[in-house]
>>> print(open('query_36.cif').read())   # mmCIF, C-alpha atoms
data_coords
#
loop_
_atom_site.group_PDB
_atom_site.id
_atom_site.type_symbol
_atom_site.label_atom_id
_atom_site.label_comp_id
_atom_site.auth_asym_id
_atom_site.auth_seq_id
_atom_site.Cartn_x
_atom_site.Cartn_y
_atom_site.Cartn_z
ATOM 1 C CA MET U 1 -20.400 -17.690 9.076
ATOM 2 C CA ASP U 2 -22.442 -14.600 8.215
ATOM 3 C CA ARG U 3 -20.906 -13.035 5.113
ATOM 4 C CA SER U 4 -23.403 -10.204 4.836
ATOM 5 C CA CYS U 5 -22.216 -6.658 4.488
ATOM 6 C CA SER U 6 -23.678 -3.448 5.915
ATOM 7 C CA THR U 7 -23.655 0.081 4.531
ATOM 8 C CA THR U 8 -25.636 3.306 4.435
ATOM 9 C CA LEU U 9 -26.509 5.627 1.608
ATOM 10 C CA THR U 10 -23.995 8.472 1.445
ATOM 11 C CA ASN U 11 -26.650 10.912 0.302
ATOM 12 C CA TYR U 12 -27.616 12.575 3.590
ATOM 13 C CA ALA U 13 -30.885 13.730 2.015
ATOM 14 C CA ALA U 14 -31.882 10.037 1.942
ATOM 15 C CA PRO U 15 -33.504 8.539 5.034
ATOM 16 C CA PRO U 16 -30.999 7.263 7.608
ATOM 17 C CA GLY U 17 -30.707 3.589 8.392
ATOM 18 C CA ILE U 18 -28.321 0.740 7.752
ATOM 19 C CA LEU U 19 -28.713 -1.419 4.689
ATOM 20 C CA ARG U 20 -27.633 -5.074 4.808
ATOM 21 C CA PHE U 21 -26.557 -6.951 1.672
ATOM 22 C CA ASP U 22 -26.732 -10.751 1.735
ATOM 23 C CA PRO U 23 -24.536 -12.166 -1.049
ATOM 24 C CA ALA U 24 -26.200 -15.593 -0.823
ATOM 25 C CA THR U 25 -29.653 -14.233 -1.709
ATOM 26 C CA ARG U 26 -28.412 -11.027 -3.413
ATOM 27 C CA ARG U 27 -30.976 -9.089 -1.357
ATOM 28 C CA VAL U 28 -30.650 -5.688 0.266
ATOM 29 C CA ASP U 29 -32.746 -5.066 3.377
ATOM 30 C CA ARG U 30 -32.871 -2.399 6.076
ATOM 31 C CA LEU U 31 -31.329 -3.615 9.313
ATOM 32 C CA SER U 32 -34.010 -3.739 12.007
ATOM 33 C CA GLY U 33 -33.439 -1.485 15.003
ATOM 34 C CA ALA U 34 -31.020 0.763 13.101
ATOM 35 C CA GLU U 35 -33.479 3.193 11.522
ATOM 36 C CA SER U 36 -31.632 6.342 12.677
ATOM 37 C CA TYR U 37 -28.079 4.951 12.345
ATOM 38 C CA ARG U 38 -25.409 5.769 9.763
ATOM 39 C CA SER U 39 -21.776 5.021 8.921
ATOM 40 C CA PRO U 40 -21.551 1.344 9.936
ATOM 41 C CA LYS U 41 -18.113 -0.205 10.430
ATOM 42 C CA CYS U 42 -17.680 -3.969 10.696
ATOM 43 C CA SER U 43 -14.910 -5.385 12.857
ATOM 44 C CA ALA U 44 -12.991 -8.502 11.819
ATOM 45 C CA ASP U 45 -14.915 -10.539 14.401
ATOM 46 C CA GLY U 46 -18.336 -9.366 13.169
ATOM 47 C CA ASN U 47 -19.190 -6.556 15.582
ATOM 48 C CA LEU U 48 -20.931 -3.588 13.991
ATOM 49 C CA LEU U 49 -20.190 0.001 15.048
ATOM 50 C CA ALA U 50 -22.531 2.779 13.896
ATOM 51 C CA VAL U 51 -23.387 6.388 14.640
ATOM 52 C CA ASP U 52 -26.868 7.373 15.760
ATOM 53 C CA PHE U 53 -27.824 10.889 14.620
ATOM 54 C CA GLU U 54 -31.193 10.989 16.347
ATOM 55 C CA ARG U 55 -32.582 14.345 17.512
ATOM 56 C CA GLY U 56 -29.572 16.398 16.354
ATOM 57 C CA ARG U 57 -27.127 14.528 18.584
ATOM 58 C CA SER U 58 -24.677 11.819 17.681
ATOM 59 C CA ARG U 59 -23.635 8.789 19.669
ATOM 60 C CA PHE U 60 -21.800 5.560 18.935
ATOM 61 C CA VAL U 61 -23.725 2.309 19.164
ATOM 62 C CA LEU U 62 -22.515 -1.292 18.968
ATOM 63 C CA ARG U 63 -24.198 -4.455 17.778
ATOM 64 C CA ARG U 64 -22.173 -7.462 18.872
ATOM 65 C CA ALA U 65 -21.769 -10.376 16.466
ATOM 66 C CA GLY U 66 -24.576 -12.899 16.768
ATOM 67 C CA THR U 67 -26.973 -10.514 18.534
ATOM 68 C CA THR U 68 -29.839 -8.322 17.354
ATOM 69 C CA SER U 69 -29.694 -5.623 20.048
ATOM 70 C CA TRP U 70 -27.696 -2.402 20.069
ATOM 71 C CA GLU U 71 -25.836 -0.923 23.017
ATOM 72 C CA ASN U 72 -24.935 2.717 23.598
ATOM 73 C CA LEU U 73 -21.175 3.174 24.029
ATOM 74 C CA ASP U 74 -21.431 6.500 25.920
ATOM 75 C CA VAL U 75 -18.437 8.024 24.145
ATOM 76 C CA LEU U 76 -18.061 11.562 25.463
ATOM 77 C CA ASP U 77 -18.232 14.156 22.699
ATOM 78 C CA ALA U 78 -18.975 11.547 20.028
ATOM 79 C CA TYR U 79 -19.796 14.350 17.574
ATOM 80 C CA PHE U 80 -16.131 15.387 17.473
ATOM 81 C CA LEU U 81 -14.745 11.863 16.866
ATOM 82 C CA GLN U 82 -14.743 11.556 13.080
ATOM 83 C CA TYR U 83 -13.819 8.694 10.716
ATOM 84 C CA PRO U 84 -13.928 5.866 13.275
ATOM 85 C CA SER U 85 -12.144 2.646 12.314
ATOM 86 C CA TRP U 86 -11.776 -0.611 14.205
ATOM 87 C CA ARG U 87 -8.355 -1.581 15.507
ATOM 88 C CA ARG U 88 -7.128 -4.999 14.406
ATOM 89 C CA ASP U 89 -7.929 -6.635 17.745
ATOM 90 C CA GLY U 90 -11.606 -5.615 17.428
ATOM 91 C CA ARG U 91 -11.681 -4.462 21.054
ATOM 92 C CA SER U 92 -11.411 -0.746 20.327
ATOM 93 C CA PHE U 93 -11.781 1.795 17.563
ATOM 94 C CA CYS U 94 -9.951 5.008 16.750
ATOM 95 C CA GLY U 95 -10.976 8.257 15.117
ATOM 96 C CA LEU U 96 -9.886 11.803 14.509
ATOM 97 C CA SER U 97 -10.979 14.267 17.188
ATOM 98 C CA THR U 98 -11.793 17.474 15.360
ATOM 99 C CA ARG U 99 -12.077 19.286 18.683
ATOM 100 C CA ASP U 100 -8.744 18.181 20.173
ATOM 101 C CA GLY U 101 -6.642 17.761 17.013
ATOM 102 C CA ALA U 102 -5.757 14.216 18.029
ATOM 103 C CA VAL U 103 -6.191 10.594 17.068
ATOM 104 C CA MET U 104 -8.243 9.073 19.876
ATOM 105 C CA CYS U 105 -9.127 5.452 20.613
ATOM 106 C CA TYR U 106 -12.119 4.116 22.515
ATOM 107 C CA SER U 107 -11.797 0.818 24.413
ATOM 108 C CA ILE U 108 -15.062 -1.140 24.399
ATOM 109 C CA ALA U 109 -14.107 -3.196 27.477
ATOM 110 C CA ASP U 110 -12.841 -0.254 29.572
ATOM 111 C CA ARG U 111 -15.375 2.268 28.204
ATOM 112 C CA ARG U 112 -12.520 4.759 28.023
ATOM 113 C CA LEU U 113 -11.400 7.267 25.378
ATOM 114 C CA ASP U 114 -7.631 7.821 25.225
ATOM 115 C CA THR U 115 -5.387 9.994 23.075
ATOM 116 C CA LEU U 116 -3.180 7.913 20.798
ATOM 117 C CA ALA U 117 -1.403 10.834 19.122
ATOM 118 C CA SER U 118 -1.683 14.597 18.999
ATOM 119 C CA ILE U 119 -1.488 16.112 15.550
ATOM 120 C CA ASP U 120 -0.627 19.633 14.503
ATOM 121 C CA LEU U 121 -3.216 20.250 11.813
ATOM 122 C CA PRO U 122 -5.744 23.066 11.523
ATOM 123 C CA ILE U 123 -8.839 20.908 12.067
ATOM 124 C CA SER U 124 -12.255 21.963 13.260
ATOM 125 C CA SER U 125 -15.700 20.439 12.998
ATOM 126 C CA GLU U 126 -16.768 23.502 10.992
ATOM 127 C CA SER U 127 -14.087 22.920 8.338
ATOM 128 C CA MET U 128 -15.118 19.254 8.096
ATOM 129 C CA LEU U 129 -18.688 20.255 7.264
ATOM 130 C CA ALA U 130 -17.795 22.934 4.697
#
>>> encode(input="query_36.cif", output="structure tokens")
Amino acid sequence: MDRSCSTTLTNYAAPPGILRFDPATRRVDRLSGAESYRSPKCSADGNLLAVDFERGRSRFVLRRAGTTSWENLDVLDAYFLQYPSWRRDGRSFCGLSTRDGAVMCYSIADRRLDTLASIDLPISSESMLA
């Protein structure tokens, strides 16, 4: 079983990319093919979700466990879906929509974004960046 861990530097002045730590060798390497990716999230079954900030746009990408390729998830308005976290089943992830004021979940299998709960909080993408 691969027990490596992935992260990015939180200093956004640093170059983007995902760093991989291997506890067996105690080495840190850049993950190939993820040079413009940030904010990786590992699911319990080993899938890796990340955000690609290339060319001023953001999109969610997925690297399935045991593979080396990335797939675009085509999440509409990915920029507004903040703080994504995997659900326990590993088949979807949820985040806070700063545009809609809702907790939204994206199903990997169905390629569908659904509202889980509406929240009554004064949230905007501008206030998140301030």
>>> atom_distance(input="query_36.cif", atom1="CA of Ser118 (chain U)", atom2="CA of Met104 (chain U)")
8.6 Å
>>> atom_distance(input="query_36.cif", atom1="CA of Ser36 (chain U)", atom2="CA of Trp86 (chain U)")
21.1 Å
>>> atom_distance(input="query_36.cif", atom1="CA of Gly33 (chain U)", atom2="CA of Ser69 (chain U)")
7.5 Å
>>> residues_around(input="query_36.cif", residues="Arg30 (chain U)", least_positions_apart="6", cutoff="9 Å", atoms="all atoms listed in the file", output="list in words")
Gly17, Ile18, Leu19, Arg20 and Phe21 of chain U
>>> write_last_selection(input="query_36.cif", atoms="C-alpha atoms", output="short mmCIF file (atom, residue, chain, number, x, y, z; two decimals), in the coordinates of the input")
data_model
loop_
_atom_site.label_atom_id
_atom_site.label_comp_id
_atom_site.auth_asym_id
_atom_site.auth_seq_id
_atom_site.Cartn_x
_atom_site.Cartn_y
_atom_site.Cartn_z
CA GLY U 17 -30.71 3.59 8.39
CA ILE U 18 -28.32 0.74 7.75
CA LEU U 19 -28.71 -1.42 4.69
CA ARG U 20 -27.63 -5.07 4.81
CA PHE U 21 -26.56 -6.95 1.67
#
>>> residues_near_point(input="query_36.cif", point="(-13.2, 8.2, 13.2)", cutoff="8 Å", atoms="only C-alpha atoms", output="ChimeraX atom specification")
/U:81-85,93-97
>>> resolve_selection(input="query_36.cif", expression="the PyMOL selection byres ((chain U and resi 75) around 12)", output="JSON list (two decimals) with C-alpha atoms, in the coordinates of the input")
[["chain", "number", "residue", "atom", "x", "y", "z"],
["U", 51, "VAL", "CA", -23.39, 6.39, 14.64],
["U", 52, "ASP", "CA", -26.87, 7.37, 15.76],
["U", 58, "SER", "CA", -24.68, 11.82, 17.68],
["U", 59, "ARG", "CA", -23.64, 8.79, 19.67],
["U", 60, "PHE", "CA", -21.80, 5.56, 18.93],
["U", 61, "VAL", "CA", -23.72, 2.31, 19.16],
["U", 62, "LEU", "CA", -22.52, -1.29, 18.97],
["U", 71, "GLU", "CA", -25.84, -0.92, 23.02],
["U", 72, "ASN", "CA", -24.94, 2.72, 23.60],
["U", 73, "LEU", "CA", -21.18, 3.17, 24.03],
["U", 74, "ASP", "CA", -21.43, 6.50, 25.92],
["U", 76, "LEU", "CA", -18.06, 11.56, 25.46],
["U", 77, "ASP", "CA", -18.23, 14.16, 22.70],
["U", 78, "ALA", "CA", -18.98, 11.55, 20.03],
["U", 79, "TYR", "CA", -19.80, 14.35, 17.57],
["U", 80, "PHE", "CA", -16.13, 15.39, 17.47],
["U", 81, "LEU", "CA", -14.74, 11.86, 16.87],
["U", 84, "PRO", "CA", -13.93, 5.87, 13.28],
["U", 92, "SER", "CA", -11.41, -0.75, 20.33],
["U", 93, "PHE", "CA", -11.78, 1.80, 17.56],
["U", 94, "CYS", "CA", -9.95, 5.01, 16.75],
["U", 95, "GLY", "CA", -10.98, 8.26, 15.12],
["U", 97, "SER", "CA", -10.98, 14.27, 17.19],
["U", 104, "MET", "CA", -8.24, 9.07, 19.88],
["U", 105, "CYS", "CA", -9.13, 5.45, 20.61],
["U", 106, "TYR", "CA", -12.12, 4.12, 22.52],
["U", 107, "SER", "CA", -11.80, 0.82, 24.41],
["U", 108, "ILE", "CA", -15.06, -1.14, 24.40],
["U", 110, "ASP", "CA", -12.84, -0.25, 29.57],
["U", 111, "ARG", "CA", -15.38, 2.27, 28.20],
["U", 112, "ARG", "CA", -12.52, 4.76, 28.02],
["U", 113, "LEU", "CA", -11.40, 7.27, 25.38],
["U", 114, "ASP", "CA", -7.63, 7.82, 25.22]]
>>> closest_residue(input="query_36.cif", among="U:Thr25, U:Asn47, U:Ser32, U:Ser39", to="Arg91 (chain U)", atoms="only C-alpha atoms")
U:Asn47
>>> axis_aligned_box(input="query_36.cif", around="region 18-27 of chain U", padding_each_side="6 Å", output="lines of an AutoDock Vina configuration file")
center_x = -27.8
center_y = -7.4
center_z = 2.2
size_x = 18.4
size_y = 28.3
size_z = 23.2
>>> residues_around(input="query_36.cif", residues="Pro16 (chain U)", least_positions_apart="3", cutoff="7 Å", atoms="all atoms listed in the file", output="number ranges by chain")
U: 35-38
>>> write_last_selection(input="query_36.cif", atoms="C-alpha atoms", output="short mmCIF file (atom, residue, chain, number, x, y, z; two decimals), in the coordinates of the input")
data_model
loop_
_atom_site.label_atom_id
_atom_site.label_comp_id
_atom_site.auth_asym_id
_atom_site.auth_seq_id
_atom_site.Cartn_x
_atom_site.Cartn_y
_atom_site.Cartn_z
CA GLU U 35 -33.48 3.19 11.52
CA SER U 36 -31.63 6.34 12.68
CA TYR U 37 -28.08 4.95 12.34
CA ARG U 38 -25.41 5.77 9.76
#
>>> build_atoms(input="query_36.cif", residues="region 15-51 of chain U", atoms="N, CA and C atoms", output="tab-separated table (two decimals), keeping the file's coordinate frame")
chain	number	residue	atom	x	y	z
U	15	PRO	N	-33.21	8.91	3.65
U	15	PRO	CA	-33.50	8.54	5.03
U	15	PRO	C	-32.33	7.78	5.65
U	16	PRO	N	-32.07	8.01	6.95
U	16	PRO	CA	-31.00	7.26	7.61
U	16	PRO	C	-31.39	5.80	7.74
U	17	GLY	N	-30.47	5.01	8.21
U	17	GLY	CA	-30.71	3.59	8.39
U	17	GLY	C	-29.57	2.80	7.78
U	18	ILE	N	-29.39	1.60	8.26
U	18	ILE	CA	-28.32	0.74	7.75
U	18	ILE	C	-28.92	-0.29	6.81
U	19	LEU	N	-28.30	-0.43	5.67
U	19	LEU	CA	-28.71	-1.42	4.69
U	19	LEU	C	-27.81	-2.64	4.82
U	20	ARG	N	-28.39	-3.82	4.69
U	20	ARG	CA	-27.63	-5.07	4.81
U	20	ARG	C	-27.75	-5.83	3.49
U	21	PHE	N	-26.59	-6.18	2.91
U	21	PHE	CA	-26.56	-6.95	1.67
U	21	PHE	C	-26.18	-8.39	2.00
U	22	ASP	N	-27.00	-9.33	1.55
U	22	ASP	CA	-26.73	-10.75	1.74
U	22	ASP	C	-26.30	-11.32	0.39
U	23	PRO	N	-25.01	-11.68	0.24
U	23	PRO	CA	-24.54	-12.17	-1.05
U	23	PRO	C	-25.15	-13.51	-1.46
U	24	ALA	N	-25.59	-14.29	-0.50
U	24	ALA	CA	-26.20	-15.59	-0.82
U	24	ALA	C	-27.53	-15.42	-1.55
U	25	THR	N	-28.34	-14.45	-1.09
U	25	THR	CA	-29.65	-14.23	-1.71
U	25	THR	C	-29.65	-13.03	-2.65
U	26	ARG	N	-28.55	-12.24	-2.61
U	26	ARG	CA	-28.41	-11.03	-3.41
U	26	ARG	C	-29.50	-10.01	-3.09
U	27	ARG	N	-29.93	-10.02	-1.82
U	27	ARG	CA	-30.98	-9.09	-1.36
U	27	ARG	C	-30.37	-7.98	-0.51
U	28	VAL	N	-31.00	-6.82	-0.58
U	28	VAL	CA	-30.65	-5.69	0.27
U	28	VAL	C	-31.86	-5.38	1.13
U	29	ASP	N	-31.67	-5.36	2.43
U	29	ASP	CA	-32.75	-5.07	3.38
U	29	ASP	C	-32.27	-4.02	4.37
U	30	ARG	N	-33.20	-3.30	4.96
U	30	ARG	CA	-32.87	-2.40	6.08
U	30	ARG	C	-32.66	-3.24	7.32
U	31	LEU	N	-31.64	-2.90	8.08
U	31	LEU	CA	-31.33	-3.62	9.31
U	31	LEU	C	-32.27	-3.14	10.41
U	32	SER	N	-33.02	-4.06	10.98
U	32	SER	CA	-34.01	-3.74	12.01
U	32	SER	C	-33.34	-3.14	13.25
U	33	GLY	N	-33.96	-2.12	13.80
U	33	GLY	CA	-33.44	-1.48	15.00
U	33	GLY	C	-32.39	-0.42	14.73
U	34	ALA	N	-32.07	-0.19	13.45
U	34	ALA	CA	-31.02	0.76	13.10
U	34	ALA	C	-31.56	1.88	12.21
U	35	GLU	N	-32.81	2.25	12.41
U	35	GLU	CA	-33.48	3.19	11.52
U	35	GLU	C	-32.87	4.59	11.52
U	36	SER	N	-32.24	5.01	12.62
U	36	SER	CA	-31.63	6.34	12.68
U	36	SER	C	-30.10	6.29	12.63
U	37	TYR	N	-29.54	5.13	12.32
U	37	TYR	CA	-28.08	4.95	12.34
U	37	TYR	C	-27.46	5.17	10.97
U	38	ARG	N	-26.20	5.57	10.99
U	38	ARG	CA	-25.41	5.77	9.76
U	38	ARG	C	-23.98	5.30	9.99
U	39	SER	N	-23.23	5.27	8.92
U	39	SER	CA	-21.78	5.02	8.92
U	39	SER	C	-21.37	3.74	9.64
U	40	PRO	N	-21.93	2.59	9.26
U	40	PRO	CA	-21.55	1.34	9.94
U	40	PRO	C	-20.12	0.93	9.61
U	41	LYS	N	-19.47	0.34	10.59
U	41	LYS	CA	-18.11	-0.20	10.43
U	41	LYS	C	-18.11	-1.61	11.02
U	42	CYS	N	-17.73	-2.58	10.23
U	42	CYS	CA	-17.68	-3.97	10.70
U	42	CYS	C	-16.29	-4.30	11.19
U	43	SER	N	-16.20	-4.93	12.35
U	43	SER	CA	-14.91	-5.38	12.86
U	43	SER	C	-14.62	-6.76	12.25
U	44	ALA	N	-13.38	-7.20	12.36
U	44	ALA	CA	-12.99	-8.50	11.82
U	44	ALA	C	-13.76	-9.65	12.47
U	45	ASP	N	-14.18	-9.47	13.72
U	45	ASP	CA	-14.92	-10.54	14.40
U	45	ASP	C	-16.43	-10.40	14.29
U	46	GLY	N	-16.91	-9.46	13.45
U	46	GLY	CA	-18.34	-9.37	13.17
U	46	GLY	C	-19.13	-8.36	13.97
U	47	ASN	N	-18.48	-7.61	14.87
U	47	ASN	CA	-19.19	-6.56	15.58
U	47	ASN	C	-19.46	-5.40	14.63
U	48	LEU	N	-20.54	-4.69	14.87
U	48	LEU	CA	-20.93	-3.59	13.99
U	48	LEU	C	-21.02	-2.30	14.80
U	49	LEU	N	-20.21	-1.32	14.43
U	49	LEU	CA	-20.19	0.00	15.05
U	49	LEU	C	-20.96	0.94	14.13
U	50	ALA	N	-21.79	1.80	14.69
U	50	ALA	CA	-22.53	2.78	13.90
U	50	ALA	C	-22.68	4.06	14.69
U	51	VAL	N	-23.14	5.10	14.01
U	51	VAL	CA	-23.39	6.39	14.64
U	51	VAL	C	-24.88	6.66	14.56
